[in-house]
Amino acid sequence: MANATYLQGTTTVGTTATLIASPDCGTGGIYLTNTGSATVYLGGASVTTSGATAGPSLAAGASLIFPTSKGPSDLYGIVATGTTTVAWAYSPV
């Protein structure tokens with residue numbers, strides 16, 4: 001049995017929707033940690049911080065596994081003010 005391969009990195013997210021990562025994984029999801037000081041809202045390219053297109057929030061210092069679907073899944077983030085950094089990791093296998 002082969003060892004899993006992981007991809008990981010960090011992305012600085014600002015006040016416009018910012019591509020965090022493009023996981024191409026069929027199961028499991030992408031692990032995210034908000035290492036900055038602002039809440040980040042997660043979703044597609046049209047994600048916002050409020051209203052009908054607001055994404056689920058990830059508070060500063062919090063972590064979660066965000067679900068993914070089969071095929072490429074571009075994950076974006078946005079903050080209300082300033083910037084924050086999101087660390088991420090997933091296995092494309």
# chains A, B, ... in the order shown; residues from 1 in each chain; ligands from 1
$ residues_around --residues "Tyr31 of chain A" --least-positions-apart "6" --cutoff "7 Å" --atoms "only C-alpha atoms" --output "PyMOL selection string"
chain A and resi 64-66+88-90
$ write_last_selection --atoms "C-alpha atoms" --output "compact mmCIF listing (two decimals), in the first residue's frame"
# COMPACT_ATOMS: atom_id res chain seq x y z
CA LEU A 64 -12.04 22.63 10.50
CA ILE A 65 -12.29 20.10 7.72
CA PHE A 66 -14.22 21.66 4.86
CA TRP A 88 -4.46 24.29 4.48
CA ALA A 89 -3.67 20.64 3.71
CA TYR A 90 -5.33 17.84 1.77
$ select_by_dssp --residues "segment 36-78 of chain A" --states "strand (DSSP E)" --output "PyMOL selection string"
chain A and resi 40-43+57-58+63-66+75-78
$ residues_around --residues "segment 34-43 of chain A" --least-positions-apart "4" --cutoff "10 Å" --atoms "only C-alpha atoms" --output "number ranges by chain"
A: 10-15, 17-20, 47-50, 53-64, 66, 73-88
$ closest_residue --among "A:Pro23, A:Gly9, A:Ser46, A:Thr16" --to "Ser91 of chain A" --atoms "only C-alpha atoms"
A:Pro23
$ atom_distance --atom1 "atom CA of Gln8 of chain A" --atom2 "atom CA of Ser69 of chain A"
18.1 Å
$ atom_distance --atom1 "atom CA of Thr33 of chain A" --atom2 "atom CA of Lys70 of chain A"
22.2 Å
